[in-house]
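Visitor: Pasting in a structure now, in structure tokens, and then I'll have a few things to ask.
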Amino acid sequence: MSDLLDEASRRARQYLATLDARAVAPSPQALAALARFDGPLPEHTSSAMEVLAELDEFGSPATMASAGGRFFGFVIGGSLPVTVAASWLASAWDQNGGLVVSSPINARLEEVALDWVKGLFQLPADSAGGFVTSATAANFCALAAARHALLERAGWDVEAQGLFGAPPITVVVGEEVHASVALSMAGLGRERVVSVPCDAQGRMRLEELPAVTERTIVCVQAGNVNSGAFDPVAGICRRAREQGAWVHVDGAFGLWAAAAPARAHLARGTEEADSWATDAHKWLNVPYDSGLVFTRDAGALRAAMAVGGAYLAQAEDRIPYQYTPDFSRRARGIEVWAALRQLGRAGLADLIERTCRFAERFAQGLAQSGHRILNEVVLNQVLVSFGSAERTREVIARVQSDGTCWCGGTLWQGHTAMRISVSSWATTEADVDRSLAAILRAAEG
């Protein structure tokens with residue numbers, strides 16, 4: 001075991017050390033070599049060293065170098081070194097994070113990390129939280145809690161009676177709502193929503209918000225996935241509270257702006273909502289997978305998520321599995337705690353501010369070269385057009401083929417655009433300048 005882990009460490013260190021010298025996307029040859037993994041299940045046992053070597057030699061070249069500093073295709077943060085190390089240690093511990101008795105350390109670190117994040121986001125101290133796989137899962141948990149709370153007020157036990165025959169719930173979303181809101185997973189239906197028009201930055205128009213009732217869920221965005229813009233959450237919360245409606249914040253990456261003094265004004269008002277969803281594997285830069293859900297009504301989240309069993313009875317105040325859909329799961333709280341413990345408030349603020357400045361640097365360099373920036377760069381997202389839709393797609397393809405950096409495309413408010421997302425702790429000024437030069441070369445071709 002010791003020799004095997006030493007070899008895994010050596011190979012992992014070598015992989016990370018070579019990221020800066022390789023193309024961000026895997027080569028065609030590396031992708032073709034993945035055929036090495038095809039074939040039937042082996043009849044005989046292999047050595048662990050042989051398996052590790054095969055995984056590294058054929059798998060490592062076929063990875064996207066998102067752990068490095070020049071991947072800007074999605075909001076994907078590279079894992080902070082301390083979180084990689086914590087993940088290795090937690091994997092060696094082999095903890096089931098669902099129960100206190102199965103992992104006292106994870107249960108304690110979850111509580112600590114949740115309190116820290118609530119403080120960063122200025123959420124109510126007595127709100128409940130849980131560790132899930134992603135913002136999609138967090139949105140699902142929050143909507144399930146909202147569904148429980150609103151129907152309970154109407155005298156309906158949705159967990160016992162289901163949605164058949166239940167009083168109807170109205171869901172209000174912006175017309176640029178992200179697919180990860182998980183309405184269909186919660187049984188609320190993507191096609192039954194009331195859609196609110198948005199402005200030129202993708203923000204819901206407050207004046208267009210329809211009348212809401214005590215059986216309305218309003219889903220708002222903290223950080224539009226394309227532009228980075230925030231819905232007018234404070235105004236929406238005031239309107240909703242007057243009628244007893246529930247406001248949910250989809251803040252997969254944008255909620256972290258609350259932790260940076262110069263960006264915190266963007267998130268102002270989000271603390272007035274009823275539930276929140278975010279990712280830790282985005283801007284907090286912990287390993288995949290790691291999402292967080294919070295609800296103001298702790299009882300609603302627990303009622304929507306908890307399952308029972310005589311062998312599960314415990315006396316602890318907070319049992320982790322009772323706040324998520326997963327009973328058995330890895331101990332995600334350990335990595336989140338490690339990231340926050342090392343960064344502290346100042347380090348986290350610097351990470352967020354630095355990546356936002358790099359986004360601004362991209363936008364300025366592209367605009368100075370005559371290319372059209374489509375969004376107000378208020379966060380870490382940049383949308384750029386290189387002319388026609390066809391021309392923009394050509395530039396994106398050239399950038400991806402060049403390999404210096406990797407940026408994706410999007411369609412936003414009728415415009416085909418390159419989308420640049422700066423989210424990684426590993427990105428440096430040199431990475432930005434090198435990538436910007438590569439994008440401009442592609443645009444000149």
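Naming works like this for the structure tokens: A, B, ... for the chains as they're shown, residue 1 at the start of each chain, ligands 1 onward in shown order.
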Run DSSP on the backbone and grab whatever in segment 195-345 of chain A lands in strand (DSSP E or B); send it over as a PDB file with N, CA and C atoms, in the first residue's frame.
Guide:
ATOM      1  N   SER A 195     -42.484  33.086 -16.853  1.00  0.00           N
ATOM      2  CA  SER A 195     -41.179  33.620 -17.231  1.00  0.00           C
ATOM      3  C   SER A 195     -41.213  35.145 -17.234  1.00  0.00           C
ATOM      4  N   VAL A 196     -40.227  35.746 -16.582  1.00  0.00           N
ATOM      5  CA  VAL A 196     -40.138  37.205 -16.464  1.00  0.00           C
ATOM      6  C   VAL A 196     -39.113  37.736 -17.460  1.00  0.00           C
ATOM      7  N   CYS A 198     -36.119  39.807 -19.202  1.00  0.00           N
ATOM      8  CA  CYS A 198     -34.845  40.264 -18.654  1.00  0.00           C
ATOM      9  C   CYS A 198     -34.327  41.459 -19.438  1.00  0.00           C
ATOM     10  N   MET A 204     -33.566  39.914 -14.372  1.00  0.00           N
ATOM     11  CA  MET A 204     -35.023  40.000 -14.355  1.00  0.00           C
ATOM     12  C   MET A 204     -35.446  41.456 -14.183  1.00  0.00           C
ATOM     13  N   THR A 216     -46.215  30.575  -4.213  1.00  0.00           N
ATOM     14  CA  THR A 216     -45.336  30.927  -5.323  1.00  0.00           C
ATOM     15  C   THR A 216     -43.878  30.758  -4.913  1.00  0.00           C
ATOM     16  N   ILE A 217     -43.106  30.146  -5.793  1.00  0.00           N
ATOM     17  CA  ILE A 217     -41.651  30.089  -5.636  1.00  0.00           C
ATOM     18  C   ILE A 217     -41.048  30.975  -6.728  1.00  0.00           C
ATOM     19  N   VAL A 218     -40.232  31.932  -6.330  1.00  0.00           N
ATOM     20  CA  VAL A 218     -39.535  32.798  -7.283  1.00  0.00           C
ATOM     21  C   VAL A 218     -38.066  32.398  -7.293  1.00  0.00           C
ATOM     22  N   CYS A 219     -37.564  31.995  -8.457  1.00  0.00           N
ATOM     23  CA  CYS A 219     -36.166  31.590  -8.599  1.00  0.00           C
ATOM     24  C   CYS A 219     -35.374  32.736  -9.217  1.00  0.00           C
ATOM     25  N   VAL A 220     -34.362  33.205  -8.511  1.00  0.00           N
ATOM     26  CA  VAL A 220     -33.539  34.318  -8.994  1.00  0.00           C
ATOM     27  C   VAL A 220     -32.107  33.841  -9.185  1.00  0.00           C
ATOM     28  N   GLN A 221     -31.363  34.607  -9.975  1.00  0.00           N
ATOM     29  CA  GLN A 221     -29.968  34.273 -10.259  1.00  0.00           C
ATOM     30  C   GLN A 221     -29.012  35.235  -9.575  1.00  0.00           C
ATOM     31  N   ALA A 222     -28.012  34.677  -8.932  1.00  0.00           N
ATOM     32  CA  ALA A 222     -26.882  35.459  -8.432  1.00  0.00           C
ATOM     33  C   ALA A 222     -25.701  35.102  -9.319  1.00  0.00           C
ATOM     34  N   PHE A 230     -26.533  40.004 -11.797  1.00  0.00           N
ATOM     35  CA  PHE A 230     -27.384  39.564 -10.696  1.00  0.00           C
ATOM     36  C   PHE A 230     -28.802  40.106 -10.878  1.00  0.00           C
ATOM     37  N   TRP A 246     -41.938  32.272  -1.607  1.00  0.00           N
ATOM     38  CA  TRP A 246     -40.601  31.750  -1.286  1.00  0.00           C
ATOM     39  C   TRP A 246     -39.656  32.203  -2.392  1.00  0.00           C
ATOM     40  N   VAL A 247     -38.508  32.757  -2.022  1.00  0.00           N
ATOM     41  CA  VAL A 247     -37.496  33.165  -2.998  1.00  0.00           C
ATOM     42  C   VAL A 247     -36.285  32.246  -2.881  1.00  0.00           C
ATOM     43  N   HIS A 248     -35.915  31.662  -4.012  1.00  0.00           N
ATOM     44  CA  HIS A 248     -34.732  30.789  -4.065  1.00  0.00           C
ATOM     45  C   HIS A 248     -33.660  31.437  -4.923  1.00  0.00           C
ATOM     46  N   VAL A 249     -32.414  31.416  -4.443  1.00  0.00           N
ATOM     47  CA  VAL A 249     -31.280  32.002  -5.150  1.00  0.00           C
ATOM     48  C   VAL A 249     -30.423  30.902  -5.767  1.00  0.00           C
ATOM     49  N   ASP A 250     -30.363  30.895  -7.097  1.00  0.00           N
ATOM     50  CA  ASP A 250     -29.436  30.022  -7.813  1.00  0.00           C
ATOM     51  C   ASP A 250     -28.128  30.794  -7.943  1.00  0.00           C
ATOM     52  N   SER A 275     -33.885  30.436   0.346  1.00  0.00           N
ATOM     53  CA  SER A 275     -32.986  29.305   0.111  1.00  0.00           C
ATOM     54  C   SER A 275     -31.928  29.721  -0.891  1.00  0.00           C
ATOM     55  N   TRP A 276     -30.811  28.962  -0.856  1.00  0.00           N
ATOM     56  CA  TRP A 276     -29.657  29.315  -1.660  1.00  0.00           C
ATOM     57  C   TRP A 276     -28.955  28.046  -2.132  1.00  0.00           C
ATOM     58  N   ALA A 277     -28.424  28.094  -3.359  1.00  0.00           N
ATOM     59  CA  ALA A 277     -27.653  26.978  -3.900  1.00  0.00           C
ATOM     60  C   ALA A 277     -26.353  27.524  -4.477  1.00  0.00           C
ATOM     61  N   THR A 278     -25.260  26.810  -4.229  1.00  0.00           N
ATOM     62  CA  THR A 278     -23.975  27.231  -4.787  1.00  0.00           C
ATOM     63  C   THR A 278     -23.087  26.015  -4.975  1.00  0.00           C
ATOM     64  N   ASP A 279     -21.992  26.236  -5.714  1.00  0.00           N
ATOM     65  CA  ASP A 279     -20.961  25.212  -5.898  1.00  0.00           C
ATOM     66  C   ASP A 279     -19.723  25.614  -5.132  1.00  0.00           C
ATOM     67  N   GLY A 291     -21.232  20.653  -3.896  1.00  0.00           N
ATOM     68  CA  GLY A 291     -22.237  21.710  -3.907  1.00  0.00           C
ATOM     69  C   GLY A 291     -22.758  21.959  -2.506  1.00  0.00           C
ATOM     70  N   LEU A 292     -23.411  23.103  -2.326  1.00  0.00           N
ATOM     71  CA  LEU A 292     -23.948  23.482  -1.010  1.00  0.00           C
ATOM     72  C   LEU A 292     -25.367  23.998  -1.162  1.00  0.00           C
ATOM     73  N   VAL A 293     -26.250  23.554  -0.274  1.00  0.00           N
ATOM     74  CA  VAL A 293     -27.611  24.057  -0.212  1.00  0.00           C
ATOM     75  C   VAL A 293     -27.844  24.643   1.170  1.00  0.00           C
ATOM     76  N   PHE A 294     -28.584  25.751   1.215  1.00  0.00           N
ATOM     77  CA  PHE A 294     -28.974  26.377   2.479  1.00  0.00           C
ATOM     78  C   PHE A 294     -30.450  26.745   2.403  1.00  0.00           C
ATOM     79  N   THR A 295     -31.138  26.629   3.538  1.00  0.00           N
ATOM     80  CA  THR A 295     -32.520  27.107   3.624  1.00  0.00           C
ATOM     81  C   THR A 295     -32.710  27.846   4.935  1.00  0.00           C
TER      82      THR A 295
END
Visitor: Which segment 105-170 of chain A residues have any atom within 9 Å of an atom of segment 330-338 of chain A, and for each, what is the nearest pair of atoms with distance in Å to one decimal, counting only C-alpha atoms, rows sorted by chain and number, as a tab-separated table?
Guide:
residue	atom	partner	partner_atom	distance
A:Ile105	CA	A:Ile334	CA	8.2
A:Asn106	CA	A:Ala331	CA	5.8
A:Ala107	CA	A:Gly333	CA	7.8
A:Arg108	CA	A:Gly333	CA	8.8
A:Leu109	CA	A:Gly333	CA	5.9
A:Glu110	CA	A:Gly333	CA	4.7
A:Glu111	CA	A:Gly333	CA	8.4
A:Val112	CA	A:Trp337	CA	7.4
A:Ala113	CA	A:Trp337	CA	5.1
A:Leu114	CA	A:Gly333	CA	8.5
A:Trp116	CA	A:Trp337	CA	8.7
A:Phe131	CA	A:Arg332	CA	6.6
A:Val132	CA	A:Arg332	CA	8.0
A:Thr133	CA	A:Arg332	CA	8.7
Visitor: Just C-alpha atoms for this one: save the residues we selected as a PDB file, in the first residue's frame.
Guide:
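again28.pdb written:
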ATOM      1  CA  ILE A 105     -14.611  14.246  11.769  1.00  0.00           C
ATOM      2  CA  ASN A 106     -16.686  14.958   8.669  1.00  0.00           C
ATOM      3  CA  ALA A 107     -19.766  15.792  10.738  1.00  0.00           C
ATOM      4  CA  ARG A 108     -17.803  18.312  12.800  1.00  0.00           C
ATOM      5  CA  LEU A 109     -16.063  19.874   9.797  1.00  0.00           C
ATOM      6  CA  GLU A 110     -19.378  20.130   7.925  1.00  0.00           C
ATOM      7  CA  GLU A 111     -20.856  22.108  10.799  1.00  0.00           C
ATOM      8  CA  VAL A 112     -17.826  24.386  10.999  1.00  0.00           C
ATOM      9  CA  ALA A 113     -17.632  24.925   7.231  1.00  0.00           C
ATOM     10  CA  LEU A 114     -21.378  25.587   6.946  1.00  0.00           C
ATOM     11  CA  TRP A 116     -18.189  29.834   7.917  1.00  0.00           C
ATOM     12  CA  PHE A 131     -23.264  19.139   1.175  1.00  0.00           C
ATOM     13  CA  VAL A 132     -24.374  17.773  -2.192  1.00  0.00           C
ATOM     14  CA  THR A 133     -22.823  16.977  -5.564  1.00  0.00           C
TER      15      THR A 133
END
Visitor: If you count only C-alpha atoms, which residues fall within 10 Å of Val377 of chain A, apart from same-chain ones fewer than 5 positions away, as a ChimeraX atom specification?
Guide: /A:201,227-229,356-357,359-364,382-383
Visitor: Mind checking which residues fall within 7 Å of segment 49-62 of chain A, counting only C-alpha atoms, ignoring those fewer than 2 positions away in the same chain, and posting them as a list of chain:residue names?
Guide: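 Using only C-alpha atoms, the neighbours found are A:Leu4, A:Pro26, A:Ala30, A:Leu31, A:Ala33, A:Leu34, A:Ser46, A:Ser47, A:Met64.
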Visitor: I'd like the neighbourhood of Trp283 of chain A as JSON, numbers by chain, where a residue qualifies if any of its atoms comes within 7 Å (using only C-alpha atoms), though same-chain residues fewer than 5 positions away should be ignored.
Guide: {"A": [77, 253, 256, 423]}
Visitor: What parts of segment 100-160 of chain A does DSSP call helix (DSSP H, G or I)? I'd like the answer as an MDAnalysis selection string.
Guide: chainID A and resid 104:121 135:153 158:160
Visitor: As an exercise, work out the distance from atom CA of Ser2 of chain A to atom CA of His44 of chain A in Å and give it to one decimal place.
Guide: 23.5 Å
Visitor: So, counting only C-alpha atoms, which residue among A:Thr45, A:Arg10, A:Ala306, A:Ala65 is closest to Asp326 of chain A?
Guide: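 Ranked by minimum distance to Asp326 of chain A, first place goes to A:Ala306.
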Visitor: Identify which of the residues A:Val171, A:Phe327, A:Ala48, A:Arg215 lies closest to Ala154 of chain A, counting only C-alpha atoms when measuring atom-to-atom distances.
Guide: A:Arg215
Visitor: Find the residues around Gly387 of chain A up to 12 Å (only C-alpha atoms counted), leave out those fewer than 6 positions away in its own chain, and share them as number ranges by chain.
Guide: A: 370-374, 393-395, 415-418, 443
Visitor: Which residues of segment 318-407 of chain A have any atom within 8 Å of an atom in segment 260-268 of chain A when counting only C-alpha atoms, and what is the closest pair of atoms for each, with the distance in Å to one decimal? Order the rows by chain and rising number and write it as a Markdown table.
Guide:
| residue | atom | partner | partner_atom | distance |
| --- | --- | --- | --- | --- |
| A:Leu348 | CA | A:Ala260 | CA | 7.4 |
| A:Ala349 | CA | A:Ala260 | CA | 4.3 |
| A:Asp350 | CA | A:Ala260 | CA | 7.3 |
| A:Ile352 | CA | A:Ala260 | CA | 6.4 |
| A:Glu353 | CA | A:Ala260 | CA | 6.5 |
| A:Leu379 | CA | A:Arg263 | CA | 7.7 |
Visitor: Taking only C-alpha atoms into account, name the residue in A:Leu5, A:Ala304, A:Gln243, A:Val212 that is nearest to Ala92 of chain A.
Guide: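 Looking at the shortest contact to Ala92 of chain A, the residue is A:Leu5.
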Visitor: Identify, on the basis of only C-alpha atoms, every residue whose closest approach to Phe71 of chain A does not exceed 10 Å; exclude the query and any residue fewer than 6 positions from it along the same chain; express the result as a list in words.
Guide: Val24, Ala25, Met64, Ala65, Gly77, Gly78, Gly403, Thr404, Cys405, Trp406, Cys407, Gly408, Ile420, Ser421, Val422, Ser423, Ser424, Ala426, Thr427, Asp431 and Ser435 of chain A
Visitor: Selected residues, C-alpha atoms, written as an mmCIF file, in the first residue's frame, please.
Guide:
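File produced: again38.cif:
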data_model
loop_
_atom_site.group_PDB
_atom_site.id
_atom_site.type_symbol
_atom_site.label_atom_id
_atom_site.label_comp_id
_atom_site.auth_asym_id
_atom_site.auth_seq_id
_atom_site.Cartn_x
_atom_site.Cartn_y
_atom_site.Cartn_z
ATOM 1 C CA VAL A 24 -5.023 22.665 -22.586
ATOM 2 C CA ALA A 25 -7.151 20.248 -24.603
ATOM 3 C CA MET A 64 -8.653 18.568 -20.128
ATOM 4 C CA ALA A 65 -6.038 20.646 -18.305
ATOM 5 C CA GLY A 77 -11.958 26.254 -10.667
ATOM 6 C CA GLY A 78 -8.728 24.317 -10.392
ATOM 7 C CA GLY A 403 -4.217 24.711 -27.346
ATOM 8 C CA THR A 404 -2.753 27.737 -25.575
ATOM 9 C CA CYS A 405 -6.046 28.162 -23.758
ATOM 10 C CA TRP A 406 -9.556 26.783 -24.009
ATOM 11 C CA CYS A 407 -12.661 28.946 -24.344
ATOM 12 C CA GLY A 408 -16.151 27.806 -25.246
ATOM 13 C CA ILE A 420 -14.446 33.405 -21.156
ATOM 14 C CA SER A 421 -14.820 32.313 -17.519
ATOM 15 C CA VAL A 422 -11.921 33.057 -15.156
ATOM 16 C CA SER A 423 -12.305 30.954 -12.027
ATOM 17 C CA SER A 424 -9.041 29.229 -11.144
ATOM 18 C CA ALA A 426 -3.853 28.840 -10.736
ATOM 19 C CA THR A 427 -4.431 31.557 -13.347
ATOM 20 C CA ASP A 431 -1.553 33.051 -18.300
ATOM 21 C CA SER A 435 -4.092 33.406 -23.674
#
Visitor: Please measure the separation of atom CA of Val84 of chain A and atom CA of Pro287 of chain A, giving the value in Å to one decimal.
Guide: 6.8 Å
